[in-house]
Amino acid sequence: MDSGIRARKSALSVVGGPISLDLTLRSGQVFHWDRLEDGSWVGLIGDRFVRVSERNGALETDRGSEGIVRNYFSLDHPLDEIYAAFPDDPLSREALEMCRGMRIIRQPRWECLATFITSSMKQVAHIRAMSLAIRKSFGPQIGEVFAYPSPGVLARADEPSLRACGLGYRAANLLATARRVADGKVDLEALSRLETEDLRNALTALPGVGVKVANCVLLFAYERLDAVPIDVWIHRVLLSMRRGRDGTAAQLARYARRRLGPYAGYVQQYLFHRARVSSK
DNA sequence: CGCCAGGGTCTCG
DNA sequence: CGAGACCATGGC
């Protein structure tokens, strides 16, 4: 990052762990963090600017930010239990060894939903570029960076200026969903009380949200750790696990749930990262 | 240039 | 219900 972000080198306080920040922030869950030369990361949690760093596998942050950092990076997730529940096949074992310490983070609901509406048929680098453009064009400035704009702000935007952020045909979907949320027709916080199936149905009723995007939001913003987004990468992984036997989306979803276990979303995230890294 | 990317939606059989 | 067309954009 060259925008002059130079976090103060004040002492950081230990939050907990274990965690791998690099893996967590580079695994296609979230797209707006910046890695500094010293290996620490800076970014916004909602509209709060924080610096996080990793020392001996433990997470550190600025004094006063410990609570929100601990929550955002899900330090309460029981990694030992999750790893014990990993499926016992070569691919999953390899993914685990490659990604140990990666955590599924707790993202703000709207920010996560909106970002993944823009993600369809886009590479991770493009999603990041669109996210930064939307933030810069519409979001409130926090110091030297920009937070994600609220539903109300985006609801009052027009489609051409969203397209100017590189969204293409996704602009209309983001605009329409922003309006439904801003109208109060959908309450993203209240939805958190729904059972996973009902929550998935409520999300897929929104413009630009199909099963895959809904599962991303379930996993990254609603703590449903068994939700399995099936994108082209995971599709290939599942195909390989089934020795080439393809199936309908529903069949593959059923297979993934059964095969990947109670923390299927975690397993999926590790498999996703392994597949992407090893293809380069 | 063709191909691919953390897909959704609509149409047609 | 399931397969196909179409939808923009950018990196390689």
# chains A, B, ... in the order shown; residues from 1 in each chain; ligands from 1
>>> select_by_dssp(residues="range 43-235 of chain A", states="helix (DSSP H, G or I)", output="MDAnalysis selection string")
chainID A and resid 66:72 79:84 90:99 109:117 124:138 151:155 159:163 170:183 190:193 196:204 211:221 232:235
>>> residues_around(residues="Leu225 in chain A", least_positions_apart="5", cutoff="6 Å", atoms="only C-alpha atoms (C1' of nucleotides)", output="number ranges by chain")
A: 219, 263, 265
>>> interface_residues(of="chain C", to="chain A", cutoff="8 Å", atoms="only C-alpha atoms (C1' of nucleotides)", output="list in words")
DC7, DA8, DT9 and DG10 of chain C
>>> atom_distance(atom1="CA of Arg128 in chain A", atom2="CA of Asp226 in chain A")
25.3 Å
>>> closest_atom_pairs(of="chain A", to="chain B", cutoff="9 Å", atoms="only C-alpha atoms (C1' of nucleotides)", output="CSV")
residue,atom,partner,partner_atom,distance
A:Gly28,CA,B:DG6,C1',7.2
A:Gln29,CA,B:DG6,C1',8.7
A:Phe116,CA,B:DG6,C1',8.3
A:Ser119,CA,B:DG6,C1',6.8
A:Ser120,CA,B:DG7,C1',4.6
A:Met121,CA,B:DA5,C1',4.9
A:Lys122,CA,B:DA5,C1',4.5
A:Gln123,CA,B:DA5,C1',4.5
A:Val124,CA,B:DG6,C1',7.4
A:His126,CA,B:DA5,C1',9.0
A:Pro207,CA,B:DG8,C1',8.4
A:Gly208,CA,B:DG8,C1',5.8
A:Val209,CA,B:DG8,C1',6.9
A:Gly210,CA,B:DG8,C1',6.0
A:Lys212,CA,B:DG7,C1',7.4
A:Val213,CA,B:DG7,C1',8.0
A:Cys216,CA,B:DG6,C1',8.3
A:Pro229,CA,B:DG6,C1',7.8
A:Ile230,CA,B:DG6,C1',7.9
A:Asp231,CA,B:DG6,C1',5.3
A:Val232,CA,B:DG6,C1',7.5
A:Trp233,CA,B:DG6,C1',7.8
A:Ile234,CA,B:DG6,C1',8.9
A:Phe272,CA,B:DG6,C1',8.7
>>> write_last_selection(atoms="N, CA, C and O atoms", output="mmCIF file, in the first residue's frame")
data_model
loop_
_atom_site.group_PDB
_atom_site.id
_atom_site.type_symbol
_atom_site.label_atom_id
_atom_site.label_comp_id
_atom_site.auth_asym_id
_atom_site.auth_seq_id
_atom_site.Cartn_x
_atom_site.Cartn_y
_atom_site.Cartn_z
ATOM 1 N N GLY A 28 -9.682 -14.764 0.180
ATOM 2 C CA GLY A 28 -10.898 -14.494 -0.571
ATOM 3 C C GLY A 28 -12.152 -14.364 0.262
ATOM 4 O O GLY A 28 -13.257 -14.563 -0.237
ATOM 5 N N GLN A 29 -11.989 -14.048 1.555
ATOM 6 C CA GLN A 29 -13.160 -13.797 2.398
ATOM 7 C C GLN A 29 -13.472 -12.315 2.415
ATOM 8 O O GLN A 29 -14.617 -11.900 2.439
ATOM 9 N N PHE A 116 -20.172 -9.485 -1.914
ATOM 10 C CA PHE A 116 -20.324 -10.730 -2.656
ATOM 11 C C PHE A 116 -21.371 -10.626 -3.769
ATOM 12 O O PHE A 116 -21.346 -11.420 -4.707
ATOM 13 N N SER A 119 -19.342 -9.991 -6.638
ATOM 14 C CA SER A 119 -18.261 -10.962 -6.874
ATOM 15 C C SER A 119 -18.495 -11.913 -8.036
ATOM 16 O O SER A 119 -17.573 -12.623 -8.438
ATOM 17 N N SER A 120 -19.728 -11.930 -8.582
ATOM 18 C CA SER A 120 -20.045 -12.979 -9.547
ATOM 19 C C SER A 120 -19.201 -12.879 -10.804
ATOM 20 O O SER A 120 -19.088 -11.814 -11.417
ATOM 21 N N MET A 121 -18.600 -13.999 -11.178
ATOM 22 C CA MET A 121 -17.742 -14.070 -12.365
ATOM 23 C C MET A 121 -16.643 -13.015 -12.340
ATOM 24 O O MET A 121 -16.352 -12.374 -13.357
ATOM 25 N N LYS A 122 -16.058 -12.830 -11.168
ATOM 26 C CA LYS A 122 -14.939 -11.906 -11.032
ATOM 27 C C LYS A 122 -13.828 -12.606 -10.277
ATOM 28 O O LYS A 122 -14.082 -13.397 -9.373
ATOM 29 N N GLN A 123 -12.597 -12.286 -10.624
ATOM 30 C CA GLN A 123 -11.475 -12.833 -9.869
ATOM 31 C C GLN A 123 -11.284 -12.031 -8.591
ATOM 32 O O GLN A 123 -11.718 -10.889 -8.483
ATOM 33 N N VAL A 124 -10.600 -12.666 -7.622
ATOM 34 C CA VAL A 124 -10.424 -12.044 -6.315
ATOM 35 C C VAL A 124 -9.830 -10.638 -6.434
ATOM 36 O O VAL A 124 -10.282 -9.702 -5.772
ATOM 37 N N HIS A 126 -10.142 -8.539 -8.803
ATOM 38 C CA HIS A 126 -11.145 -7.602 -9.319
ATOM 39 C C HIS A 126 -12.141 -7.219 -8.249
ATOM 40 O O HIS A 126 -12.605 -6.074 -8.186
ATOM 41 N N PRO A 207 -32.021 -9.355 -4.921
ATOM 42 C CA PRO A 207 -31.463 -9.273 -6.274
ATOM 43 C C PRO A 207 -29.956 -9.504 -6.284
ATOM 44 O O PRO A 207 -29.227 -8.892 -5.497
ATOM 45 N N GLY A 208 -29.507 -10.394 -7.156
ATOM 46 C CA GLY A 208 -28.081 -10.652 -7.282
ATOM 47 C C GLY A 208 -27.558 -11.667 -6.294
ATOM 48 O O GLY A 208 -26.356 -11.913 -6.234
ATOM 49 N N VAL A 209 -28.465 -12.273 -5.500
ATOM 50 C CA VAL A 209 -28.044 -13.255 -4.508
ATOM 51 C C VAL A 209 -28.629 -14.619 -4.862
ATOM 52 O O VAL A 209 -29.831 -14.831 -4.730
ATOM 53 N N GLY A 210 -27.785 -15.505 -5.327
ATOM 54 C CA GLY A 210 -28.181 -16.891 -5.549
ATOM 55 C C GLY A 210 -27.647 -17.747 -4.422
ATOM 56 O O GLY A 210 -27.193 -17.229 -3.397
ATOM 57 N N LYS A 212 -24.940 -19.583 -4.148
ATOM 58 C CA LYS A 212 -23.510 -19.462 -3.852
ATOM 59 C C LYS A 212 -23.203 -18.210 -3.024
ATOM 60 O O LYS A 212 -22.508 -18.277 -2.010
ATOM 61 N N VAL A 213 -23.701 -17.056 -3.464
ATOM 62 C CA VAL A 213 -23.468 -15.819 -2.720
ATOM 63 C C VAL A 213 -24.108 -15.908 -1.334
ATOM 64 O O VAL A 213 -23.504 -15.503 -0.337
ATOM 65 N N CYS A 216 -21.840 -17.752 0.955
ATOM 66 C CA CYS A 216 -20.718 -16.909 1.371
ATOM 67 C C CYS A 216 -21.136 -16.005 2.522
ATOM 68 O O CYS A 216 -20.416 -15.848 3.517
ATOM 69 N N PRO A 229 -20.110 -22.521 0.220
ATOM 70 C CA PRO A 229 -20.213 -21.875 -1.097
ATOM 71 C C PRO A 229 -19.518 -22.759 -2.138
ATOM 72 O O PRO A 229 -18.379 -23.162 -1.945
ATOM 73 N N ILE A 230 -20.210 -23.035 -3.239
ATOM 74 C CA ILE A 230 -19.604 -23.849 -4.306
ATOM 75 C C ILE A 230 -19.384 -22.986 -5.538
ATOM 76 O O ILE A 230 -20.293 -22.745 -6.313
ATOM 77 N N ASP A 231 -18.164 -22.481 -5.663
ATOM 78 C CA ASP A 231 -17.785 -21.709 -6.840
ATOM 79 C C ASP A 231 -17.062 -22.651 -7.805
ATOM 80 O O ASP A 231 -17.049 -23.860 -7.614
ATOM 81 N N VAL A 232 -16.460 -22.092 -8.862
ATOM 82 C CA VAL A 232 -15.836 -22.966 -9.860
ATOM 83 C C VAL A 232 -14.680 -23.770 -9.267
ATOM 84 O O VAL A 232 -14.441 -24.911 -9.664
ATOM 85 N N TRP A 233 -13.973 -23.185 -8.307
ATOM 86 C CA TRP A 233 -12.831 -23.887 -7.697
ATOM 87 C C TRP A 233 -13.313 -25.079 -6.857
ATOM 88 O O TRP A 233 -12.801 -26.197 -6.998
ATOM 89 N N ILE A 234 -14.272 -24.817 -5.986
ATOM 90 C CA ILE A 234 -14.777 -25.888 -5.124
ATOM 91 C C ILE A 234 -15.513 -26.927 -5.960
ATOM 92 O O ILE A 234 -15.475 -28.120 -5.656
ATOM 93 N N PHE A 272 -10.483 -24.341 -0.871
ATOM 94 C CA PHE A 272 -10.507 -23.246 -1.840
ATOM 95 C C PHE A 272 -9.114 -22.636 -1.977
ATOM 96 O O PHE A 272 -8.603 -22.449 -3.083
#
>>> residues_around(residues="Glu60 in chain A", least_positions_apart="3", cutoff="9 Å", atoms="only C-alpha atoms (C1' of nucleotides)", output="list in words")
Leu12, Ser13, Val14, Val15, Gly16, Arg51, Val52, Ser53, Glu54, Arg55, Glu66 and Val69 of chain A
